[in-house]
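Heads up, query09.txt below (compact mmCIF, C-alpha atoms):
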# COMPACT_ATOMS: atom_id res chain seq x y z
CA MET N 246 75.97 97.81 124.93
CA ASN N 247 78.63 95.11 125.24
CA CYS N 248 81.33 94.42 122.68
CA LYS N 249 80.39 91.86 120.02
CA ILE N 250 83.94 90.49 120.12
CA CYS N 251 84.97 90.20 123.79
CA GLU N 252 81.72 91.18 125.58
CA SER N 253 83.39 94.00 127.52
CA PRO N 254 81.53 97.30 128.08
CA THR N 255 81.56 99.88 125.30
CA VAL N 256 81.22 103.65 125.19
CA ILE N 257 79.58 105.83 122.55
CA ILE N 258 82.30 107.76 120.72
CA PHE N 259 80.30 109.56 118.01
CA GLU N 260 77.09 109.62 115.99
CA LYS N 261 76.59 109.45 112.21
CA THR N 262 73.60 109.76 109.89
CA VAL N 263 73.60 106.47 108.01
CA LEU N 264 72.07 106.38 104.52
CA LYS N 265 71.29 110.07 105.08
CA LYS N 266 68.38 109.28 107.40
CA HIS N 267 69.26 106.91 110.29
CA LYS N 268 70.84 108.47 113.38
CA VAL N 269 73.32 105.83 114.52
CA ASN N 270 75.69 105.72 117.49
CA TYR N 271 79.12 104.13 117.19
CA HIS N 272 80.37 102.28 120.27
CA GLN N 273 83.99 101.41 121.12
CA CYS N 274 85.05 98.57 123.38
CA ASN N 275 87.05 99.58 126.44
CA SER N 276 89.11 96.40 126.24
CA CYS N 277 89.81 95.27 122.64
CA HIS N 278 88.91 98.65 121.03
CA PHE N 279 86.54 97.10 118.48
CA VAL N 280 84.01 99.64 117.13
CA GLN N 281 80.41 98.70 116.37
CA THR N 282 77.20 100.50 115.49
CA ASP N 283 73.87 100.50 117.27
CA LYS N 284 71.72 97.46 116.60
CA VAL N 285 71.46 97.30 112.82
CA ASN N 286 68.01 97.69 111.25
CA TRP N 287 68.88 99.24 107.89
CA LEU N 288 70.71 96.46 106.01
CA HIS N 289 67.78 95.74 103.69
CA GLU N 290 68.22 99.30 102.41
CA ALA N 291 72.01 99.19 102.39
CA TYR N 292 72.10 96.07 100.22
CA SER N 293 69.61 97.16 97.60
CA SER N 294 72.83 97.07 95.52
CA ALA N 295 75.40 94.51 96.69
CA ILE N 296 78.35 96.59 95.46
CA THR N 297 77.96 100.31 96.00
CA SER N 298 78.94 103.16 93.68
CA LEU N 299 81.52 104.26 96.26
CA ASP N 300 83.48 101.01 95.91
CA ILE N 301 85.54 102.40 93.07
CA GLY N 302 88.64 100.60 94.34
CA LEU N 303 87.25 97.16 93.49
CA LEU N 304 89.40 96.52 90.41
CA ASN N 305 92.54 98.04 91.91
CA ARG N 306 92.01 95.90 95.04
CA ASN N 307 91.77 92.75 92.96
CA MET N 308 94.97 93.59 91.12
CA ARG N 309 96.77 94.28 94.41
CA MET N 310 95.61 90.97 95.83
CA LEU N 311 96.73 89.23 92.66
CA ASN N 312 100.23 90.34 93.65
CA GLU N 313 99.89 89.58 97.37
CA ILE N 314 98.00 86.30 97.58
CA PRO N 315 100.08 84.07 95.27
CA LYS N 316 103.13 85.12 97.28
CA LEU N 317 101.38 84.14 100.48
CA ILE N 318 100.09 80.82 99.11
CA ASP N 319 103.45 79.81 97.64
CA SER N 320 105.33 80.53 100.84
CA CYS N 321 102.84 79.50 103.52
CA PHE N 322 100.49 77.00 101.85
CA PRO N 323 102.38 75.42 98.93
CA GLU N 324 100.41 72.20 99.50
CA ALA N 325 97.05 73.97 98.94
CA LYS N 326 95.05 72.38 96.15
CA ILE N 327 91.64 74.04 96.29
CA MET N 328 90.75 77.51 97.55
CA LEU N 329 87.65 79.66 98.02
CA ASP N 330 87.08 83.39 97.63
CA TYR N 331 84.32 84.09 100.17
CA ALA N 332 81.87 86.89 99.33
CA GLY N 333 83.73 87.06 96.04
CA GLY N 334 81.51 89.62 94.32
CA TYR N 335 81.50 89.49 90.54
CA GLY N 336 84.12 86.72 90.52
CA VAL N 337 87.00 88.91 89.34
CA PHE N 338 89.55 87.61 91.84
CA THR N 339 88.59 83.97 91.29
CA ARG N 340 89.02 84.35 87.55
CA LEU N 341 92.37 86.14 87.90
CA MET N 342 93.73 83.50 90.28
CA ARG N 343 92.60 80.66 88.04
CA ASP N 344 94.32 82.39 85.13
CA HIS N 345 97.52 82.21 87.19
CA GLY N 346 97.13 78.53 88.03
CA TYR N 347 95.48 78.67 91.46
CA ASN N 348 92.40 76.45 91.79
CA PHE N 349 89.99 79.02 93.22
CA TYR N 350 86.22 78.95 93.50
CA ARG N 351 83.85 81.77 94.40
CA GLN N 352 81.07 82.17 96.97
CA ASP N 353 78.64 85.07 97.32
CA VAL N 354 74.95 84.98 98.23
CA TYR N 355 74.30 88.65 97.40
CA CYS N 356 76.14 89.33 94.15
CA GLU N 357 75.90 87.89 90.64
CA ASN N 358 78.86 85.84 89.45
CA LEU N 359 79.86 87.49 86.19
CA PHE N 360 83.48 86.48 85.64
CA ALA N 361 83.82 83.05 87.28
CA LYS N 362 80.77 81.17 86.06
CA HIS N 363 81.07 77.39 86.50
CA PHE N 364 83.59 78.01 89.29
CA ASP N 365 81.15 78.86 92.04
CA ILE N 366 80.87 76.93 95.29
CA GLU N 367 77.51 75.72 93.99
CA ASP N 368 79.31 74.04 91.08
CA ILE N 369 81.28 71.64 93.28
CA LYS N 370 80.58 69.24 96.13
CA GLN N 371 83.62 70.52 98.00
CA GLN N 372 82.78 72.25 101.27
CA LYS N 373 86.22 72.21 102.90
CA PHE N 374 89.06 74.20 101.38
CA ASP N 375 92.78 74.51 101.99
CA LEU N 376 92.47 78.30 102.15
CA VAL N 377 89.71 80.91 102.17
CA THR N 378 90.13 84.54 101.14
CA ALA N 379 87.66 87.20 102.30
CA PHE N 380 88.45 90.68 101.02
CA GLU N 381 86.61 93.70 102.45
CA VAL N 382 84.10 91.44 104.19
CA PHE N 383 84.71 91.62 107.95
CA GLU N 384 83.53 95.22 108.23
CA HIS N 385 80.11 94.04 106.94
CA PHE N 386 79.58 91.47 109.71
CA SER N 387 76.60 92.17 111.97
CA ASP N 388 77.43 89.14 114.14
CA PRO N 389 81.24 88.82 113.81
CA LEU N 390 81.73 85.78 116.04
CA LYS N 391 79.06 83.74 114.28
CA GLU N 392 80.17 84.80 110.80
CA ILE N 393 83.87 84.22 111.44
CA GLU N 394 83.05 80.81 112.88
CA ALA N 395 81.20 80.08 109.62
CA LEU N 396 84.36 80.99 107.69
CA PHE N 397 86.32 78.42 109.68
CA GLU N 398 83.78 75.81 108.59
CA PHE N 399 85.21 76.28 105.10
CA SER N 400 88.89 76.26 106.09
CA ASP N 401 91.35 76.35 108.97
CA ASN N 402 93.14 79.18 107.16
CA VAL N 403 91.48 82.52 106.37
CA VAL N 404 93.22 85.39 104.59
CA PHE N 405 91.23 88.60 104.79
CA SER N 406 91.47 92.33 104.26
CA THR N 407 89.89 94.97 106.43
CA GLU N 408 91.28 98.34 107.48
CA LEU N 409 92.31 98.59 111.12
CA ILE N 410 90.88 101.50 113.07
CA PRO N 411 93.17 104.55 113.30
CA PRO N 412 95.60 104.41 116.24
CA ILE N 413 94.41 107.83 117.45
CA SER N 414 90.81 107.55 118.67
CA ASN N 415 89.95 111.14 117.68
CA ASP N 416 90.56 110.23 114.04
CA ILE N 417 87.91 107.51 113.93
CA GLU N 418 84.90 109.82 113.57
CA ASN N 419 86.15 111.27 110.28
CA TRP N 420 87.68 108.03 109.01
CA TRP N 421 86.72 107.37 105.39
CA TYR N 422 86.17 103.67 106.12
CA ILE N 423 83.06 104.43 108.21
CA ALA N 424 81.25 105.01 104.88
CA GLU N 425 77.97 105.99 106.50
CA GLU N 426 76.62 106.93 103.05
CA THR N 427 76.33 103.23 102.14
CA GLY N 428 75.31 101.79 105.52
CA GLN N 429 77.22 98.57 104.83
CA HIS N 430 80.22 99.05 107.14
CA ILE N 431 79.11 98.25 110.67
CA SER N 432 82.09 96.50 112.32
CA PHE N 433 85.56 98.02 112.68
CA PHE N 434 88.50 96.04 113.99
CA SER N 435 91.59 96.95 115.95
CA GLU N 436 94.68 94.77 116.01
CA GLN N 437 93.81 93.85 119.61
CA SER N 438 90.35 92.63 118.57
CA LEU N 439 91.83 90.45 115.83
CA GLU N 440 94.36 89.02 118.27
CA TYR N 441 91.48 88.24 120.64
CA LEU N 442 89.62 86.45 117.84
CA ALA N 443 92.67 84.40 116.91
CA LYS N 444 92.99 83.15 120.49
CA LYS N 445 89.27 82.48 120.77
CA PHE N 446 89.30 80.29 117.66
CA SER N 447 92.70 78.73 118.44
CA ARG N 448 94.40 80.28 115.42
CA HIS N 449 97.66 82.11 114.85
CA PHE N 450 97.36 85.73 113.72
CA TYR N 451 99.58 87.46 111.17
CA THR N 452 99.11 90.92 109.68
CA LYS N 453 100.58 93.26 107.07
CA ASN N 454 100.31 97.01 106.50
CA ARG N 455 97.19 97.35 108.71
CA ASN N 456 95.02 95.87 105.96
CA LEU N 457 95.91 92.28 105.04
CA HIS N 458 95.54 89.63 107.74
CA LEU N 459 95.73 85.88 108.23
CA PHE N 460 94.15 83.52 110.73
CA SER N 461 95.82 80.13 110.44
CA SER N 462 96.16 76.81 112.20
CA LYS N 463 99.78 76.75 110.98
CA VAL N 464 102.78 78.20 112.75
CA LEU N 465 104.69 80.09 110.08
CA THR N 466 108.46 80.38 110.03
CA THR N 467 110.21 83.74 110.04
CA ALA N 468 111.22 83.17 106.42
CA GLN N 469 107.62 82.47 105.38
CA ILE N 470 106.36 85.56 107.18
CA ASN N 471 109.07 87.75 105.67
CA PHE N 472 108.22 86.57 102.18
CA ALA N 473 104.44 86.62 102.49
CA PHE N 474 103.93 89.75 104.57
CA LYS N 475 106.67 92.10 103.48
CA ASP N 476 107.03 93.90 100.18
CA ILE N 477 109.63 91.58 98.70
CA LYS N 478 109.62 91.23 94.94
CA SER N 479 111.40 88.29 93.30
CA LYS N 480 114.12 88.11 95.95
CA PRO N 481 115.37 84.79 97.32
CA ILE N 482 115.13 83.83 100.95
CA PHE N 483 118.48 82.41 102.04
CA PHE N 484 119.03 79.62 104.50
CA GLY N 485 122.66 79.20 105.53
CA LEU N 486 125.11 79.75 102.69
CA ARG N 487 124.24 82.33 100.09
CA THR N 488 125.24 79.85 97.41
CA ARG N 489 122.09 77.84 98.18
CA PRO N 490 119.08 80.17 97.75
CA ILE N 491 115.58 78.81 98.27
CA TYR N 492 112.73 80.58 96.51
CA PHE N 493 109.16 80.46 97.74
CA HIS N 494 107.87 80.27 94.19
CA VAL N 495 105.75 77.47 92.78
CA GLN N 496 105.59 77.04 89.03
CA ARG N 497 101.93 76.83 88.07
CA GLU N 498 100.21 76.28 84.78
CA SER N 499 97.38 78.68 83.97
CA LEU N 500 93.92 77.14 84.15
CA LEU N 501 92.59 79.53 81.52
CA GLU N 502 92.71 77.15 78.55
CA LYS N 503 91.41 74.17 80.55
CA ASP N 504 88.56 76.29 81.91
CA PHE N 505 87.75 77.54 78.41
CA GLN N 506 87.53 73.99 77.07
CA MET N 507 85.38 72.89 80.01
CA ILE N 508 82.94 75.78 79.59
CA ARG N 509 82.78 75.13 75.85
CA ARG N 510 81.80 71.49 76.52
CA LEU N 511 79.20 72.49 79.11
CA GLU N 512 77.57 75.33 77.19
CA HIS N 513 78.14 74.46 73.52
CA LYS N 514 77.65 70.72 73.17
Would you mind writing the file's structure down as structure tokens?
Amino acid sequence: MNCKICESPTVIIFEKTVLKKHKVNYHQCNSCHFVQTDKVNWLHEAYSSAITSLDIGLLNRNMRMLNEIPKLIDSCFPEAKIMLDYAGGYGVFTRLMRDHGYNFYRQDVYCENLFAKHFDIEDIKQQKFDLVTAFEVFEHFSDPLKEIEALFEFSDNVVFSTELIPPISNDIENWWYIAEETGQHISFFSEQSLEYLAKKFSRHFYTKNRNLHLFSSKVLTTAQINFAFKDIKSKPIFFGLRTRPIYFHVQRESLLEKDFQMIRRLEHK
């Protein structure tokens, strides 16, 4: 089997029983170290429920991204006017970001939109966005090149979260992120594989804490990277004299009240 990312040869590194009944081999690329499963034939079972009972970190993840993503947008994409949360699940992140003044919409073909109704991609004609977020999505891709290319149809800039494979290969077999109980995680990325993808799609690659990543058409400055990808809280970035601090912070008005009034007009005429 060849690597789905760079087409180099792979080797089988271990076997798991997926969904408690499918014997599945996991293959690692000799070149970019990407890990993939055997050919997938169990996804119809795995997605009988779009969000599994093991995804108990969903709310905590959304709160963490609520801290991370505004910082990244304000520093790296202050000009962004409209954004999309791809595979956005119940719409929690879209609603939170709108509450904080960021004009987000949601997309997800598998999961019901519970918290961001009227702010779905189907509610607007817009098909090109200034920024796309995709949290805990890449590990679900059965055809990563095709699906990442589809993301770039929405935007030149994609912020995404996925855990990088452990640096020690012996740790991969018992890695919690394999999640063979659910059968939904089938693609596992190394930093080298993400760097390869960035070059393939002519993007710049930035990463933080082995989990949060950015593919972008923009070249970011050191100051932008330091603010967006390091754990800096409410500290100024200085250029030149310390008497002239520049903050990467954009004052935004919450969209909560405007959204409330719009939904009231639509649903309660």
**Report entry** Nearby residues (all atoms listed in the file) at most 9 Å from segment 387-393 of chain N, same-chain spacing under 6 positions excluded, as a PyMOL selection string
**Finding:** chain N and resi 249-250+281+284-285+431-432+442
Requested in this report: List every protein, DNA or RNA residue that has at least one atom no more than 10 Å from (87.2, 91.1, 116.0) in the file's coordinates, counting all atoms listed in the file, and write the result as JSON, numbers by chain.
Outcome: {"N": [248, 249, 250, 251, 277, 278, 279, 280, 383, 384, 386, 389, 390, 393, 432, 433, 434, 435, 436, 437, 438, 439, 440, 441, 442, 443]}
Query raised in the report: Which of these residues is nearest to Phe338 of chain N, using only C-alpha atoms: N:Ile301, N:Ala379, N:Leu317, N:Ile258?
Result: N:Ala379
Requested in this report: Give as a PyMOL selection string the set of residues within 9 Å of the point (97.3, 83.1, 101.9), where distances use the file's coordinates and all atoms listed in the file.
Outcome: chain N and resi 313-322+376-378+402-405+458-459+473
Take the residues that were just selected and, keeping C-alpha atoms, output them as a PDB file, in the coordinates of the input.
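As written to disk, result36.pdb reads:
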ATOM      1  CA  GLU N 313      99.890  89.580  97.370  1.00  0.00           C
ATOM      2  CA  ILE N 314      98.000  86.300  97.580  1.00  0.00           C
ATOM      3  CA  PRO N 315     100.080  84.070  95.270  1.00  0.00           C
ATOM      4  CA  LYS N 316     103.130  85.120  97.280  1.00  0.00           C
ATOM      5  CA  LEU N 317     101.380  84.140 100.480  1.00  0.00           C
ATOM      6  CA  ILE N 318     100.090  80.820  99.110  1.00  0.00           C
ATOM      7  CA  ASP N 319     103.450  79.810  97.640  1.00  0.00           C
ATOM      8  CA  SER N 320     105.330  80.530 100.840  1.00  0.00           C
ATOM      9  CA  CYS N 321     102.840  79.500 103.520  1.00  0.00           C
ATOM     10  CA  PHE N 322     100.490  77.000 101.850  1.00  0.00           C
ATOM     11  CA  LEU N 376      92.470  78.300 102.150  1.00  0.00           C
ATOM     12  CA  VAL N 377      89.710  80.910 102.170  1.00  0.00           C
ATOM     13  CA  THR N 378      90.130  84.540 101.140  1.00  0.00           C
ATOM     14  CA  ASN N 402      93.140  79.180 107.160  1.00  0.00           C
ATOM     15  CA  VAL N 403      91.480  82.520 106.370  1.00  0.00           C
ATOM     16  CA  VAL N 404      93.220  85.390 104.590  1.00  0.00           C
ATOM     17  CA  PHE N 405      91.230  88.600 104.790  1.00  0.00           C
ATOM     18  CA  HIS N 458      95.540  89.630 107.740  1.00  0.00           C
ATOM     19  CA  LEU N 459      95.730  85.880 108.230  1.00  0.00           C
ATOM     20  CA  ALA N 473     104.440  86.620 102.490  1.00  0.00           C
TER      21      ALA N 473
END
Query raised in the report: Please, what distance in Å, to one decimal, runs between atom CA of Asn456 of chain N and atom CA of Phe374 of chain N?
Result: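 Computing the Euclidean distance for atom CA of Asn456 of chain N and atom CA of Phe374 of chain N yields 22.9 Å.
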Requested in this report: Go through N:Ser253, N:Arg455, N:Val269, N:Cys356 and flag the residue nearest Asn286 of chain N, using only C-alpha atoms for the distances.
Outcome: N:Val269
Requested in this report: Give me the residues within 6 Å of segment 497-506 of chain N as a list of chain:residue names, counting all atoms listed in the file and dropping any in the same chain fewer than 2 places off.
Outcome: N:Arg343, N:Asp344, N:His345, N:Gly346, N:Ile508, N:Arg509
Output C-alpha atoms of each residue in that selection to a file, as an mmCIF file, in the frame of the given file.
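Result file out25.cif:
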data_model
loop_
_atom_site.group_PDB
_atom_site.id
_atom_site.type_symbol
_atom_site.label_atom_id
_atom_site.label_comp_id
_atom_site.auth_asym_id
_atom_site.auth_seq_id
_atom_site.Cartn_x
_atom_site.Cartn_y
_atom_site.Cartn_z
ATOM 1 C CA ARG N 343 92.600 80.660 88.040
ATOM 2 C CA ASP N 344 94.320 82.390 85.130
ATOM 3 C CA HIS N 345 97.520 82.210 87.190
ATOM 4 C CA GLY N 346 97.130 78.530 88.030
ATOM 5 C CA ILE N 508 82.940 75.780 79.590
ATOM 6 C CA ARG N 509 82.780 75.130 75.850
#
Requested in this report: Just give me the gap between atom CA of Ile366 of chain N and atom CA of Gln352 of chain N in Å, one decimal is fine.
Outcome: 5.5 Å
Query - Of the listed residues N:Leu359, N:Ile327, N:Val495, N:Ala468, that which approaches Lys373 of chain N most closely, counting only C-alpha atoms - result: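 Using only C-alpha atoms, Lys373 of chain N sits closest to N:Ile327.
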Query raised in the report: Smallest atom-to-atom distance to Ile410 of chain N: which of N:Ala332, N:Gln273, N:Met342, N:Asn471, using all atoms listed in the file?
Result: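 Under the stated criterion, the closest residue is N:Gln273.
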